[in-house]
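Everything on this sheet refers to the single structure shown next.
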Amino acid sequence: MKSTAYALARAEMIRALSAYEGTTTADGAGDGTTLIDSNLIGRNDFVSEKTILILSGDSKDEDKGAASFDNVTGTITLQGTGFSAQIKAGTTYRVLNISTVEIDVANINSKIGTNTDPAGTTTLFAWLANLFGVGSERQGLVYYGKVTQVDDATHFRVSELAGFGDAFFANTYRVYVVRDAGGAGAAPQGEMQPCSGYDSTDAIFTHTAFSAGLAVDDEILLIQERVAQIADLLADIGDASGSTLGSIYAILGNPAQSFLSMIGYEGATSLANKLSAARAAYLDNLSAGAVALASVCTAARLAELDAANLPADIDTLLSRVKVAVFDFWSDVADKITINDDDPSVADIVFPSVVVDALPTGSTVARVIAMLKFRAIKNTHSGAANMIEDAGKTIRVMKSNGTSWGTDDIVAINFDQNQWYTEDGAKEGGDVMIGDNDISGKVTGVGTYEFQSHEADGRNDAIHALFDSLELYDVQMGLRFYLET
C-alpha cells in the first residue's frame with residue numbers, strides 16, 4: 001500500500017506555518033498578480049512579505065510572496081509576475097508565516113543598490129562611492145584623474161580636481177601613477193611620491209620628482225597617506241628577493257643573511273663581528289652622556305603615565321558594562337474569556353509571574369511584559385469579533401501588600417479592532433511583547449500579578465465587541481535587561 005506519511009507530514013507542516021486560511025471573494029487581476037478577499041477588509045497587515053499558497057483552482061499548489069496588502073479592499077498584490085493564472089473568486093488559499101526567495105532576494109538587492117545610487121544613501125554602491133572619489137566628488141581615501149598639463153618635473157595639473165581648498169591634498173596624500181598615457185607601461189607608471197603642495201584654483205599639484213617626467217593624459221591616483229603607508233609596511237617586510245639587511249625578511253628569512261646565520265657562523269655577518277668596540281660604546285649611553293637613559297626617562301615624562309593623564313575614554317572602556325537578558329514565565333491558564341460590555345465590564349485576571357532569582361551584583365536597566373496564548377476563538381455566531389475600544393491595557397503589580405489603582409503600571413497596550421477573529425472561527429495564537437519599561441514597579445525578585453483593570457476609575461479593561469473571545473493556554477512573561 002502506498003505510504004501517506006509524507007503527504008500527512010507536509011500537510012501538518014503547512015498547517016503549523018499557516019497564519020490564515022481563506023477563500024477569495026472576487027476575481028483578481030487577469031495576469032495573476034493579485035487576489036481579493038473581502039474578509040480581510042479592516043485587518044491589520046499580517047500579510048506583506050509572507051508566502052501565499054494556492055489550494056484550489058488553476059494555480060493550485062503554487063506559492064508566491066505577498067508584496068503588499070490593502071486592508072481597504074482586501075487585495076493582496078503578489079511579488080513579481082504573480083501566479084501562472086488569474087486567481088478567481090472562490091479560490092482557497094493560505095497565508096504562511098514564511099518569506100519567499102523572491103522577497104529575500106528583493107530585500108538583498110535593495111541593500112546592494114545600483115551604480116547610479118547617489119552618495120549619501122545607504123546602499124552598498126553608495127558606500128563604495130563614499131570611499132572612492134571620481135572627479136571632483138569630495139570622498140576621502142582615493143581620487144582619480146588624468147594629467148591635463150605638466151609644468152615641470154615636480155608640478156602637474158588635473159583640471160577636474162580643482163576646488164578642494166589649498167590645504168586639502170598637501171602633505172596628506174601621495175601621487176601614484178596608475179597608467180602611462182602611451183600604454184607601454186613606461187616610467188613613472190607604478191611609482192608613488194608624496195604630494196607636498198596643492199593650488200586649489202588651478203589644480204596644480206607639487207610632488208617629489210619621479211624617475212621620469214609625467215606626460216599629459218597619464219592616469220594618476222591621489223591616495224590618502226594612511227592608505228599609502230600600507231605599501232611602506234610591505235616594503236619594510238620585504239620578500240624572498242631581499243639581499244640586504246634593509247627588510248625584516250632579509251634579516252630573519254633570507255638564508256644568506258638570516259638571523260641564524262648571523263649568530264651561528266663566523267664571517268662578515270656574524271654577531272661577533274657586529275659587536276665592534278665602536279658599537280659597544282653606544283651601550284655607555286644607558287648610564288652616562290647626553291642621551292643616557294636617566295636623562296631620557298625624566299620625572300616629567302614618567303608623570304605622563306599617571307592615571308590622571310590617561311585619556312578619558314580609557315576609563316570609560318574599563319567601566320563599560322555588559323547587558324544580560326533573563327525571561328520569567330507564569331504557569332499556563334487553560335482559558336481566559338473576554339466578554340462584551342453588556343451589562344458591564346469586569347476586571348480580567350491573567351496568570352502571575354514569579355521572579356525567583358537574579359544574578360548577584362546585577363542592576364535592572366529595563367523590564368518589559370509579554371503575553372502568549374496558543375489560540376483565540378470567537379464564540380459569537382453571526383459576525384466577526386474583536387477588541388471593541390482603544391486604550392485598553394494589561395497592568396502589572398507586585399504582590400507585596402500593595403493595591404490595584406495605586407501601585408500598578410501599564411505593561412501592554414491594545415488597539416481598537418485588535419484580535420480580529422471571524423464568525424465562529426478559531427485561529428492560531430500570538431506572542432505580544434510590550435514596549436513599556438515597567439522597571440519602576442517590577443524591580444527584582446518577587447511575585448507579579450497581571451490584570452486588565454476596570455475598577456478604581458481606570459476603565460481600561462479589555463472587552464470584546466460581542467460575547468465572547470476565548471484565549472487558550474495563556475501565559476504572562478517578564479523580560480529583564482540587566483547590567484552586570
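Letters for chains follow the order of the C-alpha cells (A, B, ...), residue numbers begin at 1 for each chain, and ligand numbers begin at 1 in the order shown.
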
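Running DSSP on the backbone and keeping only alpha helix (DSSP H), the residues of region 308-405 of chain A that qualify are Ala312, Asp313, Ile314, Asp315, Thr316, Leu317, Leu318 and Ser319 of chain A.
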
Tell me, counting only C-alpha atoms, for each residue of region 64-84 of chain A within 10 Å of region 93-101 of chain A, which pair of atoms is nearest and how far apart they are in Å to one decimal, in rows ordered by chain and increasing number, as a Markdown table.
| residue | atom | partner | partner_atom | distance |
| --- | --- | --- | --- | --- |
| A:Lys64 | CA | A:Thr100 | CA | 6.9 |
| A:Gly65 | CA | A:Thr100 | CA | 5.4 |
| A:Ala66 | CA | A:Ser99 | CA | 8.5 |
| A:Gln79 | CA | A:Thr100 | CA | 9.2 |

* Near region 354-370 of chain A, counting only C-alpha atoms, which residues have an atom at most 12 Å away, once you skip same-chain residues fewer than 5 positions from it, shown as a ChimeraX atom specification? -> /A:321-331,393-399,409-413,430-450,474-484

* To do: Between CA of Val147 (chain A) and CA of Gln193 (chain A), measure the distance and give it in Å to one decimal.
  =>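 Atom-to-atom, CA of Val147 (chain A) and CA of Gln193 (chain A) are spaced 15.3 Å apart.
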
* Test item: residues at most 12 Å from Leu161 (chain A), only C-alpha atoms, excluding those fewer than 2 positions along its chain, as a count of residues only -> 35

* Asked: Do you know which residues are at most 10 Å from Arg43 (chain A) counting only C-alpha atoms, after dropping those on the same chain fewer than 2 positions away, and could you put them as a ChimeraX atom specification?
  -> /A:39-41,45-47,69-72,74,417-421

* Record the distance separating CA of Ala375 (chain A) and CA of Thr77 (chain A), expressed in Å with one decimal. =>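 These atoms are spaced 27.9 Å apart.
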